[in-house]
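Shown next: query_20.cif, containing mmCIF, C-alpha atoms.
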data_query
loop_
_atom_site.group_PDB
_atom_site.id
_atom_site.type_symbol
_atom_site.label_atom_id
_atom_site.label_comp_id
_atom_site.auth_asym_id
_atom_site.auth_seq_id
_atom_site.Cartn_x
_atom_site.Cartn_y
_atom_site.Cartn_z
ATOM 1 C CA MET A 1 14.895 11.278 9.729
ATOM 2 C CA ARG A 2 11.274 10.302 10.164
ATOM 3 C CA VAL A 3 8.643 13.021 9.709
ATOM 4 C CA ASP A 4 5.326 12.642 11.569
ATOM 5 C CA PHE A 5 2.126 14.671 11.240
ATOM 6 C CA ALA A 6 0.999 16.164 14.552
ATOM 7 C CA PRO A 7 -2.605 15.677 15.641
ATOM 8 C CA LEU A 8 -4.540 18.966 15.683
ATOM 9 C CA ASP A 9 -7.970 18.376 17.121
ATOM 10 C CA GLY A 10 -10.660 19.842 14.884
ATOM 11 C CA ILE A 11 -8.451 19.997 11.797
ATOM 12 C CA THR A 12 -6.375 16.874 11.070
ATOM 13 C CA LYS A 13 -9.270 14.455 11.246
ATOM 14 C CA ALA A 14 -9.865 11.629 8.764
ATOM 15 C CA VAL A 15 -11.333 13.762 5.947
ATOM 16 C CA PHE A 16 -8.431 16.210 6.079
ATOM 17 C CA ARG A 17 -5.793 13.477 6.286
ATOM 18 C CA GLN A 18 -7.190 11.708 3.232
ATOM 19 C CA VAL A 19 -7.353 14.782 1.000
ATOM 20 C CA TRP A 20 -4.105 16.320 2.236
ATOM 21 C CA SER A 21 -2.125 13.122 1.653
ATOM 22 C CA ARG A 22 -3.567 12.744 -1.858
ATOM 23 C CA PHE A 23 -2.342 16.188 -2.894
ATOM 24 C CA PHE A 24 0.906 16.565 -0.958
ATOM 25 C CA GLY A 25 2.185 13.659 1.126
ATOM 26 C CA GLY A 26 5.826 13.376 2.160
ATOM 27 C CA LEU A 27 5.011 12.160 5.676
ATOM 28 C CA ASP A 28 5.935 8.875 7.311
ATOM 29 C CA ARG A 29 3.129 8.683 9.891
ATOM 30 C CA TYR A 30 -0.120 10.503 10.621
ATOM 31 C CA PHE A 31 -1.062 10.895 14.276
ATOM 32 C CA ILE A 32 -4.818 10.686 14.807
ATOM 33 C CA PRO A 33 -6.294 13.341 17.139
ATOM 34 C CA PHE A 34 -6.933 11.977 20.605
ATOM 35 C CA PHE A 35 -9.943 10.158 21.878
ATOM 36 C CA SER A 36 -10.694 9.931 25.605
ATOM 37 C CA PRO A 37 -11.876 6.515 26.830
ATOM 38 C CA THR A 38 -14.289 6.487 29.760
ATOM 39 C CA ASP A 39 -14.704 3.955 32.522
ATOM 40 C CA GLN A 40 -17.676 2.559 30.562
ATOM 41 C CA HIS A 41 -15.160 1.243 28.011
ATOM 42 C CA ILE A 42 -17.281 1.887 24.946
ATOM 43 C CA LEU A 43 -15.790 2.867 21.607
ATOM 44 C CA THR A 44 -18.343 5.308 20.224
ATOM 45 C CA ASP A 45 -19.397 5.331 16.581
ATOM 46 C CA ARG A 46 -17.699 8.716 16.249
ATOM 47 C CA ASP A 47 -14.427 7.404 17.679
ATOM 48 C CA ARG A 48 -14.532 4.299 15.502
ATOM 49 C CA ARG A 49 -15.312 6.360 12.390
ATOM 50 C CA GLU A 50 -12.365 8.649 13.035
ATOM 51 C CA LEU A 51 -9.977 5.808 13.821
ATOM 52 C CA THR A 52 -10.894 3.767 10.756
ATOM 53 C CA GLY A 53 -11.490 6.705 8.406
ATOM 54 C CA SER A 54 -8.013 6.611 6.858
ATOM 55 C CA MET A 55 -6.711 3.094 7.403
ATOM 56 C CA ASP A 56 -4.839 3.251 4.083
ATOM 57 C CA LEU A 57 -2.470 5.778 5.694
ATOM 58 C CA PRO A 58 0.131 4.860 8.350
ATOM 59 C CA GLY A 59 -1.760 6.148 11.375
ATOM 60 C CA ILE A 60 -0.934 6.257 15.091
ATOM 61 C CA PRO A 61 -3.946 6.903 17.370
ATOM 62 C CA GLN A 62 -3.543 9.227 20.319
ATOM 63 C CA VAL A 63 -5.251 8.452 23.618
ATOM 64 C CA MET A 64 -5.849 10.946 26.417
ATOM 65 C CA THR A 65 -6.522 9.692 29.918
ATOM 66 C CA CYS A 66 -4.955 9.621 33.376
ATOM 67 C CA ARG A 67 -6.344 6.188 34.272
ATOM 68 C CA ALA A 68 -4.207 3.173 33.439
ATOM 69 C CA ALA A 69 -7.191 0.816 33.183
ATOM 70 C CA ASP A 70 -8.860 3.045 30.587
ATOM 71 C CA PHE A 71 -5.649 3.414 28.604
ATOM 72 C CA LEU A 72 -5.047 -0.345 28.579
ATOM 73 C CA TRP A 73 -8.605 -0.956 27.385
ATOM 74 C CA ALA A 74 -8.059 1.561 24.580
ATOM 75 C CA VAL A 75 -4.806 -0.144 23.582
ATOM 76 C CA GLU A 76 -6.584 -3.486 23.271
ATOM 77 C CA ARG A 77 -9.221 -1.950 21.006
ATOM 78 C CA LEU A 78 -6.543 -0.285 18.879
ATOM 79 C CA LYS A 79 -4.785 -3.609 18.465
ATOM 80 C CA ASP A 80 -8.100 -5.192 17.391
ATOM 81 C CA LEU A 81 -8.410 -2.470 14.729
ATOM 82 C CA GLY A 82 -4.936 -3.244 13.411
ATOM 83 C CA PHE A 83 -2.917 -0.279 14.662
ATOM 84 C CA PRO A 84 0.790 -0.868 15.404
ATOM 85 C CA GLU A 85 1.179 1.604 18.285
ATOM 86 C CA ALA A 86 -0.727 3.750 20.792
ATOM 87 C CA ASN A 87 0.312 7.268 21.775
ATOM 88 C CA LEU A 88 -0.366 8.864 25.159
ATOM 89 C CA ASN A 89 -1.218 12.571 25.059
ATOM 90 C CA LEU A 90 0.623 14.466 27.815
ATOM 91 C CA GLY A 91 0.731 17.675 25.815
ATOM 92 C CA CYS A 92 -2.746 19.158 25.436
ATOM 93 C CA PRO A 93 -2.795 22.512 27.321
ATOM 94 C CA SER A 94 -6.570 23.117 27.199
ATOM 95 C CA GLY A 95 -7.985 24.174 30.542
ATOM 96 C CA THR A 96 -10.987 21.857 30.248
ATOM 97 C CA VAL A 97 -8.579 18.959 29.744
ATOM 98 C CA THR A 98 -5.943 19.811 32.352
ATOM 99 C CA ALA A 99 -8.611 20.447 35.019
ATOM 100 C CA LYS A 100 -9.351 16.714 34.830
ATOM 101 C CA GLY A 101 -5.702 15.808 35.252
ATOM 102 C CA LYS A 102 -5.379 14.791 31.621
ATOM 103 C CA GLY A 103 -3.095 15.994 28.843
ATOM 104 C CA SER A 104 -0.387 18.270 30.221
ATOM 105 C CA GLY A 105 -2.367 18.370 33.468
ATOM 106 C CA PHE A 106 -1.056 14.873 34.194
ATOM 107 C CA LEU A 107 2.504 16.282 34.283
ATOM 108 C CA ALA A 108 1.682 17.987 37.591
ATOM 109 C CA ASP A 109 1.396 14.560 39.280
ATOM 110 C CA THR A 110 4.797 12.963 38.740
ATOM 111 C CA GLU A 111 4.200 10.123 41.212
ATOM 112 C CA GLY A 112 0.810 9.364 39.686
ATOM 113 C CA LEU A 113 2.353 9.359 36.218
ATOM 114 C CA ASP A 114 5.010 6.914 37.420
ATOM 115 C CA ARG A 115 2.339 4.547 38.782
ATOM 116 C CA PHE A 116 0.392 4.898 35.535
ATOM 117 C CA PHE A 117 3.426 3.920 33.461
ATOM 118 C CA ASP A 118 4.296 1.042 35.770
ATOM 119 C CA GLU A 119 0.900 -0.558 35.144
ATOM 120 C CA VAL A 120 0.676 0.357 31.466
ATOM 121 C CA PHE A 121 4.084 -0.938 30.450
ATOM 122 C CA SER A 122 3.620 -4.181 32.350
ATOM 123 C CA LYS A 123 0.355 -4.966 30.537
ATOM 124 C CA ALA A 124 0.081 -3.066 27.230
ATOM 125 C CA VAL A 125 -0.420 -5.285 24.166
ATOM 126 C CA LEU A 126 1.039 -2.664 21.801
ATOM 127 C CA PRO A 127 4.115 -0.439 21.858
ATOM 128 C CA VAL A 128 3.322 2.836 23.639
ATOM 129 C CA SER A 129 4.749 6.215 22.641
ATOM 130 C CA VAL A 130 4.328 9.505 24.498
ATOM 131 C CA LYS A 131 3.857 13.117 23.419
ATOM 132 C CA THR A 132 4.758 15.500 26.235
ATOM 133 C CA ARG A 133 5.577 19.033 27.275
ATOM 134 C CA LEU A 134 8.365 20.062 29.644
ATOM 135 C CA GLY A 135 6.112 20.474 32.635
ATOM 136 C CA TYR A 136 2.914 21.954 33.962
ATOM 137 C CA GLN A 137 4.060 25.157 35.695
ATOM 138 C CA THR A 138 7.761 25.474 34.889
ATOM 139 C CA GLU A 139 10.416 23.880 32.707
ATOM 140 C CA ALA A 140 12.317 23.066 35.915
ATOM 141 C CA GLU A 141 9.932 20.103 36.251
ATOM 142 C CA PHE A 142 11.395 18.427 33.176
ATOM 143 C CA PRO A 143 14.473 16.680 34.658
ATOM 144 C CA ARG A 144 12.238 14.860 37.142
ATOM 145 C CA LEU A 145 9.779 13.941 34.386
ATOM 146 C CA LEU A 146 12.647 12.683 32.249
ATOM 147 C CA GLU A 147 13.726 10.415 35.105
ATOM 148 C CA VAL A 148 10.253 8.874 35.058
ATOM 149 C CA PHE A 149 10.224 8.508 31.265
ATOM 150 C CA ASN A 150 13.631 6.803 31.384
ATOM 151 C CA ARG A 151 12.300 4.020 33.596
ATOM 152 C CA TYR A 152 10.030 2.690 30.854
ATOM 153 C CA PRO A 153 10.426 1.380 27.269
ATOM 154 C CA ILE A 154 8.665 4.265 25.527
ATOM 155 C CA ALA A 155 8.530 3.587 21.771
ATOM 156 C CA CYS A 156 9.219 7.260 21.035
ATOM 157 C CA LEU A 157 9.207 10.316 23.284
ATOM 158 C CA THR A 158 7.896 13.321 21.343
ATOM 159 C CA ILE A 159 8.749 16.539 23.149
ATOM 160 C CA HIS A 160 7.140 19.925 22.624
ATOM 161 C CA PRO A 161 9.617 22.119 24.534
ATOM 162 C CA ARG A 162 7.138 24.425 26.207
ATOM 163 C CA ILE A 163 5.196 24.220 29.475
ATOM 164 C CA ARG A 164 1.431 24.051 29.728
ATOM 165 C CA ALA A 165 0.889 27.769 30.400
ATOM 166 C CA GLU A 166 2.822 28.779 27.270
ATOM 167 C CA LYS A 167 0.529 26.743 25.039
ATOM 168 C CA TYR A 168 1.949 27.458 21.549
ATOM 169 C CA ARG A 169 3.387 30.908 22.243
ATOM 170 C CA GLY A 170 6.848 32.203 23.007
ATOM 171 C CA THR A 171 10.284 30.765 22.412
ATOM 172 C CA VAL A 172 10.763 27.041 22.825
ATOM 173 C CA HIS A 173 13.135 25.914 25.598
ATOM 174 C CA MET A 174 15.947 24.267 23.676
ATOM 175 C CA ASP A 175 18.173 23.754 26.735
ATOM 176 C CA GLU A 176 15.664 21.289 28.138
ATOM 177 C CA PHE A 177 15.308 19.558 24.784
ATOM 178 C CA THR A 178 19.100 19.269 24.666
ATOM 179 C CA LEU A 179 18.950 17.547 28.062
ATOM 180 C CA ALA A 180 16.531 15.010 26.601
ATOM 181 C CA MET A 181 18.796 14.370 23.632
ATOM 182 C CA GLU A 182 21.732 13.824 25.948
ATOM 183 C CA THR A 183 20.072 11.661 28.600
ATOM 184 C CA SER A 184 16.911 10.041 27.233
ATOM 185 C CA ARG A 185 17.041 6.260 27.130
ATOM 186 C CA ASN A 186 14.208 6.272 24.610
ATOM 187 C CA PRO A 187 14.088 7.523 20.997
ATOM 188 C CA VAL A 188 13.312 11.249 20.884
ATOM 189 C CA CYS A 189 11.146 13.207 18.435
ATOM 190 C CA TYR A 190 11.076 17.017 18.287
ATOM 191 C CA ASN A 191 7.809 18.973 17.940
ATOM 192 C CA GLY A 192 7.364 22.731 17.897
ATOM 193 C CA ASP A 193 7.561 25.710 15.502
ATOM 194 C CA LEU A 194 8.932 23.855 12.472
ATOM 195 C CA GLN A 195 7.637 26.054 9.649
ATOM 196 C CA THR A 196 10.336 26.055 6.977
ATOM 197 C CA VAL A 197 13.004 23.879 5.424
ATOM 198 C CA GLU A 198 15.538 26.182 7.099
ATOM 199 C CA ASP A 199 14.009 25.385 10.509
ATOM 200 C CA MET A 200 14.455 21.685 9.818
ATOM 201 C CA GLU A 201 18.012 22.043 8.551
ATOM 202 C CA GLY A 202 18.964 24.039 11.632
ATOM 203 C CA LEU A 203 17.466 21.411 13.919
ATOM 204 C CA LYS A 204 19.257 18.577 12.116
ATOM 205 C CA ALA A 205 22.557 20.444 12.298
ATOM 206 C CA ARG A 206 22.148 20.972 16.042
ATOM 207 C CA PHE A 207 20.943 17.424 16.780
ATOM 208 C CA PRO A 208 22.312 15.059 14.111
ATOM 209 C CA SER A 209 21.220 11.966 16.074
ATOM 210 C CA LEU A 210 17.581 13.112 16.347
ATOM 211 C CA GLU A 211 15.231 10.196 15.627
ATOM 212 C CA ALA A 212 12.262 12.100 14.196
ATOM 213 C CA VAL A 213 10.362 15.363 13.966
ATOM 214 C CA MET A 214 6.651 16.055 14.235
ATOM 215 C CA ILE A 215 5.105 18.943 12.318
ATOM 216 C CA GLY A 216 1.536 20.182 12.561
ATOM 217 C CA ARG A 217 0.656 23.852 12.154
ATOM 218 C CA GLY A 218 3.586 24.312 9.756
ATOM 219 C CA ALA A 219 2.247 21.623 7.421
ATOM 220 C CA ILE A 220 -1.225 23.161 7.419
ATOM 221 C CA ALA A 221 0.093 26.668 6.785
ATOM 222 C CA ASP A 222 2.322 25.288 4.015
ATOM 223 C CA PRO A 223 0.927 21.920 2.850
ATOM 224 C CA ALA A 224 3.974 21.289 0.656
ATOM 225 C CA LEU A 225 6.396 21.611 3.594
ATOM 226 C CA PRO A 226 6.920 17.833 4.100
ATOM 227 C CA ARG A 227 7.482 17.487 0.357
ATOM 228 C CA LYS A 228 9.999 20.345 0.373
ATOM 229 C CA LEU A 229 11.817 18.722 3.291
ATOM 230 C CA ARG A 230 12.545 15.828 0.939
ATOM 231 C CA GLY A 231 13.684 18.056 -1.904
ATOM 232 C CA GLY A 232 10.302 18.497 -3.598
ATOM 233 C CA ALA A 233 8.659 21.589 -5.038
ATOM 234 C CA ALA A 234 6.720 24.321 -3.269
ATOM 235 C CA ALA A 235 2.954 24.430 -3.684
ATOM 236 C CA THR A 236 1.612 26.311 -6.699
ATOM 237 C CA ARG A 237 -1.504 28.482 -6.774
ATOM 238 C CA GLU A 238 -3.247 25.923 -8.986
ATOM 239 C CA GLU A 239 -2.343 23.070 -6.637
ATOM 240 C CA LEU A 240 -3.597 24.931 -3.574
ATOM 241 C CA GLN A 241 -6.829 25.850 -5.327
ATOM 242 C CA ALA A 242 -7.417 22.246 -6.361
ATOM 243 C CA PHE A 243 -6.621 21.085 -2.816
ATOM 244 C CA THR A 244 -9.034 23.461 -1.098
ATOM 245 C CA ALA A 245 -11.769 22.650 -3.629
ATOM 246 C CA ALA A 246 -11.332 18.909 -3.060
ATOM 247 C CA LEU A 247 -11.245 19.356 0.721
ATOM 248 C CA TYR A 248 -14.411 21.483 0.704
ATOM 249 C CA GLU A 249 -16.183 18.877 -1.417
ATOM 250 C CA ALA A 250 -15.026 16.075 0.887
ATOM 251 C CA TYR A 251 -16.341 17.967 3.926
ATOM 252 C CA ARG A 252 -19.693 18.557 2.208
ATOM 253 C CA ASP A 253 -19.945 14.844 1.439
ATOM 254 C CA PHE A 254 -19.027 13.937 5.020
ATOM 255 C CA TYR A 255 -21.473 16.325 6.703
ATOM 256 C CA GLY A 256 -24.179 16.126 4.051
ATOM 257 C CA GLN A 257 -24.459 19.923 3.921
ATOM 258 C CA ALA A 258 -22.349 22.946 3.102
ATOM 259 C CA HIS A 259 -22.573 24.998 6.321
ATOM 260 C CA PRO A 260 -20.387 22.802 8.585
ATOM 261 C CA ALA A 261 -18.078 22.168 5.624
ATOM 262 C CA ALA A 262 -17.498 25.910 5.235
ATOM 263 C CA GLN A 263 -16.811 26.208 8.959
ATOM 264 C CA ARG A 264 -14.151 23.501 8.749
ATOM 265 C CA MET A 265 -12.562 25.219 5.770
ATOM 266 C CA LYS A 266 -12.365 28.493 7.692
ATOM 267 C CA GLU A 267 -10.333 26.679 10.368
ATOM 268 C CA VAL A 268 -7.925 25.430 7.700
ATOM 269 C CA TRP A 269 -7.664 28.900 6.131
ATOM 270 C CA PHE A 270 -6.689 30.367 9.513
ATOM 271 C CA TYR A 271 -3.281 28.815 8.782
ATOM 272 C CA LEU A 272 -3.294 28.642 4.990
ATOM 273 C CA ILE A 273 -3.829 32.379 4.505
ATOM 274 C CA HIS A 274 -0.219 32.968 5.606
ATOM 275 C CA LEU A 275 0.989 31.583 2.273
ATOM 276 C CA PHE A 276 -0.312 34.742 0.582
ATOM 277 C CA GLU A 277 1.188 38.202 0.722
ATOM 278 C CA ASN A 278 -0.947 40.756 2.567
ATOM 279 C CA GLY A 279 -3.531 38.101 3.337
ATOM 280 C CA GLU A 280 -4.459 39.491 6.758
ATOM 281 C CA ARG A 281 -7.402 41.582 5.532
ATOM 282 C CA LEU A 282 -9.100 38.826 3.564
ATOM 283 C CA GLY A 283 -8.170 36.304 6.250
ATOM 284 C CA GLY A 284 -9.962 38.430 8.835
ATOM 285 C CA ARG A 285 -13.031 38.780 6.623
ATOM 286 C CA LEU A 286 -13.021 35.035 6.063
ATOM 287 C CA ARG A 287 -12.946 34.321 9.803
ATOM 288 C CA ARG A 288 -15.872 36.681 10.380
ATOM 289 C CA SER A 289 -17.916 35.417 7.430
ATOM 290 C CA ARG A 290 -21.125 33.479 7.886
ATOM 291 C CA GLY A 291 -22.498 30.789 5.644
ATOM 292 C CA PRO A 292 -21.188 28.810 2.677
ATOM 293 C CA LYS A 293 -21.861 31.498 0.063
ATOM 294 C CA ALA A 294 -19.761 34.096 1.863
ATOM 295 C CA TYR A 295 -16.995 31.555 2.378
ATOM 296 C CA GLU A 296 -16.965 30.556 -1.292
ATOM 297 C CA GLN A 297 -16.846 34.179 -2.465
ATOM 298 C CA LEU A 298 -13.968 35.076 -0.156
ATOM 299 C CA GLU A 299 -11.929 32.015 -1.072
ATOM 300 C CA ALA A 300 -12.355 32.870 -4.757
ATOM 301 C CA GLU A 301 -11.215 36.428 -4.006
ATOM 302 C CA ILE A 302 -8.096 35.128 -2.240
ATOM 303 C CA PHE A 303 -7.007 33.101 -5.249
ATOM 304 C CA GLN A 304 -7.920 35.841 -7.713
ATOM 305 C CA THR A 305 -6.289 38.816 -6.000
ATOM 306 C CA LEU A 306 -3.519 37.736 -3.616
ATOM 307 C CA VAL A 307 0.062 36.957 -4.541
ATOM 308 C CA LEU A 308 1.533 33.680 -3.347
ATOM 309 C CA ARG A 309 4.398 34.432 -0.973
ATOM 310 C CA ASP A 310 7.999 33.504 -1.579
ATOM 311 C CA HIS A 311 7.856 31.116 1.370
ATOM 312 C CA THR A 312 11.265 29.579 0.909
ATOM 313 C CA GLU A 313 12.515 31.641 3.826
ATOM 314 C CA GLY A 314 11.066 33.083 7.001
ATOM 315 C CA ASP A 315 8.366 31.891 9.368
ATOM 316 C CA LEU A 316 4.799 31.777 8.112
ATOM 317 C CA PHE A 317 3.077 32.749 11.369
#
Encoding of this model in structure tokens:
Amino acid sequence: MRVDFAPLDGITKAVFRQVWSRFFGGLDRYFIPFFSPTDQHILTDRDRRELTGSMDLPGIPQVMTCRAADFLWAVERLKDLGFPEANLNLGCPSGTVTAKGKGSGFLADTEGLDRFFDEVFSKAVLPVSVKTRLGYQTEAEFPRLLEVFNRYPIACLTIHPRIRAEKYRGTVHMDEFTLAMETSRNPVCYNGDLQTVEDMEGLKARFPSLEAVMIGRGAIADPALPRKLRGGAAATREELQAFTAALYEAYRDFYGQAHPAAQRMKEVWFYLIHLFENGERLGGRLRRSRGPKAYEQLEAEIFQTLVLRDHTEGDLF
């Protein structure tokens, strides 16, 4: 079964992907957080830097738009850069995104989505995959959406079995995912709440024909999770300390200063702190801290005083 890395905007950017893969690995593909093409059809320096920042890794760029012309332009640029596939983001639940009819907001316009696909799949110069939710307002929208998806040769349909309003909270809707497994004409990938090896084994037992899984927050909270899925060892304290030190240094090099680097590290530690027993207190202090010095002192305190959890069983967050 293929294992993909989910794109988490603000965290799994090029610097993180490079350092994370050097220390842990175990993934087949790394999805690059979305960029949103405009009708001016200009690839910004920032977009280009992010897209080309880890070309030594098997990356799949994610594009977010509701305009077929803009998506097709983006696909042409991605082909020029040497990417093998483009992924359409129909999953982002952010209000600023959905208000523009993008991300999971596009799911509210089934007819518009059908027209979009009709143009895209008749002209795209690369294979196109899709990452989606079950619907915008209710999971009852999913059968109709699945009918639309089945009309087109989607390279892989990654499904996060929640609706837009649920964001990343609450129980996933496995009945609807089962419907996709039973009736999808395209390869299916599962995404959502995979935090442990036991989660993966349960999913594989329930859906033995599943093409792939996509993990994101689980692989940040436990960086060794993809390795453990393939029979490898859990992360050690020394390995985690070396990883966070290398990541902090890479961020400082990228930004040219320590303050934004510390802020990025705090975002990573929001998930990573769950690997440590009773980490809530120091995790809270870390989130509220200001400046590189405070960050460095609190990280040192975490490694010096907290016990690494037995994270072979049970959810991390």
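Excluding A:Gly135 and any residue on its chain fewer than 5 positions from it, the residues at most 9 Å away by all atoms listed in the file are Ser104, Gly105, Leu107, Ala108, Ala140, Glu141, Phe142, Leu145, Pro161, Arg162, Ile163 and Arg164 of chain A.
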- Message: Please list as a list in words every residue within 7 Å of stretch 285-299 of chain A, counting all atoms listed in the file and excluding residues in the same chain fewer than 5 positions away.
- Response: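 With the cut-off at 7 Å, the set is Ala258, His259, Ala262 and Lys266 of chain A.
Checking A:Glu85, A:Glu198, A:Glu211, A:Glu280 one by one against A:Ser184, counting all atoms listed in the file, you find the shortest gap at A:Glu211.
Across the model, the gap from atom CA of A:Pro7 to atom CA of A:Val172 is 19.0 Å.
When the PyMOL selection byres ((chain A and resi 279) around 10) is run on the displayed coordinates, the residues it returns are Leu272, Ile273, His274, Leu275, Phe276, Glu277, Asn278, Glu280, Arg281, Leu282, Gly283, Gly284, Ile302, Thr305, Leu306, Val307, Leu308 and Arg309 of chain A.
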- Identify, on the basis of all atoms listed in the file, every residue whose closest approach to A:Cys189 does not exceed 7 Å; exclude the query and any residue fewer than 5 positions from it along the same chain; express the result as a VMD selection string. chain A and resid 156 to 159 210 to 214
With 4 Å on each side, where is the centre of the axis-aligned box around all listed atoms of stretch 114-132 of chain A, and how long are its edges in Å to one decimal, as JSON?
{"center_x": 2.3, "center_y": 5.1, "center_z": 30.3, "size_x": 13.4, "size_y": 28.8, "size_z": 25.0}
- Message: Restricting the calculation to only C-alpha atoms: of A:Glu201, A:Glu166, A:Asp4, A:Glu267, which residue gets closest to A:Arg133?
- Response: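 Of A:Glu201, A:Glu166, A:Asp4, A:Glu267, the one nearest A:Arg133 is A:Glu166, counting only C-alpha atoms.
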- Starting from the displayed file, determine the output of the PyMOL selection byres ((chain A and resi 92) around 10) and express the residue list as a PyMOL selection string. chain A and resi 8-9+34+64+89-91+93-98+102-106+131-133+164+167
- Name the residues that the PyMOL selection byres ((chain A and resi 261) around 9) picks from the file above, as number ranges by chain, using the file's chain letters and numbers. A: 247-260, 262-266, 292
- List the neighbours of stretch 12-15 of chain A out to 6 Å using all atoms listed in the file; skip same-chain residues closer than 3 positions along the sequence, and give me the result as JSON, numbers by chain. {"A": [8, 18, 50, 53, 54]}
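Put simply, atom CA of A:Asp118 is 15.0 Å away from atom CA of A:Thr65.
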- Please indicate the distance in Å from atom CA of A:Gln195 to atom CA of A:Pro226, rounded to one decimal place. 9.9 Å
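For the choices A:Glu182, A:Arg2, A:Gly216, A:Ala165, the atom-to-atom distance to A:Ile32 is smallest for A:Gly216 when using only C-alpha atoms.
Closest approach to A:Leu240 among A:Tyr168, A:Phe5, A:Phe24, A:Phe71 is made by A:Phe24 (distances from only C-alpha atoms).
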- Give me the residues within 8 Å of A:Ala224 as a ChimeraX atom specification, counting all atoms listed in the file and dropping any in the same chain fewer than 6 places off. /A:24-25,233-235
Rebuild N, CA and C atoms on stretch 256-271 of chain A, as a PDB file, in the frame of the given file?
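Written output follows (part.pdb):
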ATOM      1  N   GLY A 256     -22.900  16.134   4.730  1.00  0.00           N
ATOM      2  CA  GLY A 256     -24.179  16.126   4.051  1.00  0.00           C
ATOM      3  C   GLY A 256     -24.752  17.500   3.830  1.00  0.00           C
ATOM      4  N   GLN A 257     -24.003  18.551   4.130  1.00  0.00           N
ATOM      5  CA  GLN A 257     -24.459  19.923   3.921  1.00  0.00           C
ATOM      6  C   GLN A 257     -23.249  20.851   3.893  1.00  0.00           C
ATOM      7  N   ALA A 258     -23.466  22.048   3.349  1.00  0.00           N
ATOM      8  CA  ALA A 258     -22.349  22.946   3.102  1.00  0.00           C
ATOM      9  C   ALA A 258     -21.947  23.773   4.318  1.00  0.00           C
ATOM     10  N   HIS A 259     -22.880  24.072   5.218  1.00  0.00           N
ATOM     11  CA  HIS A 259     -22.573  24.998   6.321  1.00  0.00           C
ATOM     12  C   HIS A 259     -21.451  24.487   7.219  1.00  0.00           C
ATOM     13  N   PRO A 260     -21.513  23.270   7.762  1.00  0.00           N
ATOM     14  CA  PRO A 260     -20.387  22.802   8.585  1.00  0.00           C
ATOM     15  C   PRO A 260     -19.111  22.615   7.769  1.00  0.00           C
ATOM     16  N   ALA A 261     -19.259  22.304   6.482  1.00  0.00           N
ATOM     17  CA  ALA A 261     -18.078  22.168   5.624  1.00  0.00           C
ATOM     18  C   ALA A 261     -17.350  23.504   5.508  1.00  0.00           C
ATOM     19  N   ALA A 262     -18.108  24.584   5.326  1.00  0.00           N
ATOM     20  CA  ALA A 262     -17.498  25.910   5.235  1.00  0.00           C
ATOM     21  C   ALA A 262     -16.819  26.277   6.549  1.00  0.00           C
ATOM     22  N   GLN A 263     -17.414  25.903   7.665  1.00  0.00           N
ATOM     23  CA  GLN A 263     -16.811  26.208   8.959  1.00  0.00           C
ATOM     24  C   GLN A 263     -15.475  25.486   9.114  1.00  0.00           C
ATOM     25  N   ARG A 264     -15.417  24.241   8.697  1.00  0.00           N
ATOM     26  CA  ARG A 264     -14.151  23.501   8.749  1.00  0.00           C
ATOM     27  C   ARG A 264     -13.101  24.153   7.849  1.00  0.00           C
ATOM     28  N   MET A 265     -13.504  24.586   6.689  1.00  0.00           N
ATOM     29  CA  MET A 265     -12.562  25.219   5.770  1.00  0.00           C
ATOM     30  C   MET A 265     -12.016  26.526   6.349  1.00  0.00           C
ATOM     31  N   LYS A 266     -12.838  27.260   7.068  1.00  0.00           N
ATOM     32  CA  LYS A 266     -12.365  28.493   7.692  1.00  0.00           C
ATOM     33  C   LYS A 266     -11.261  28.195   8.709  1.00  0.00           C
ATOM     34  N   GLU A 267     -11.372  27.073   9.414  1.00  0.00           N
ATOM     35  CA  GLU A 267     -10.333  26.679  10.368  1.00  0.00           C
ATOM     36  C   GLU A 267      -9.028  26.362   9.649  1.00  0.00           C
ATOM     37  N   VAL A 268      -9.117  25.721   8.489  1.00  0.00           N
ATOM     38  CA  VAL A 268      -7.925  25.430   7.700  1.00  0.00           C
ATOM     39  C   VAL A 268      -7.309  26.730   7.170  1.00  0.00           C
ATOM     40  N   TRP A 269      -8.153  27.642   6.690  1.00  0.00           N
ATOM     41  CA  TRP A 269      -7.664  28.900   6.131  1.00  0.00           C
ATOM     42  C   TRP A 269      -7.037  29.808   7.183  1.00  0.00           C
ATOM     43  N   PHE A 270      -7.343  29.607   8.449  1.00  0.00           N
ATOM     44  CA  PHE A 270      -6.689  30.367   9.513  1.00  0.00           C
ATOM     45  C   PHE A 270      -5.171  30.227   9.398  1.00  0.00           C
ATOM     46  N   TYR A 271      -4.706  29.054   8.988  1.00  0.00           N
ATOM     47  CA  TYR A 271      -3.281  28.815   8.782  1.00  0.00           C
ATOM     48  C   TYR A 271      -2.869  29.069   7.329  1.00  0.00           C
TER      49      TYR A 271
END
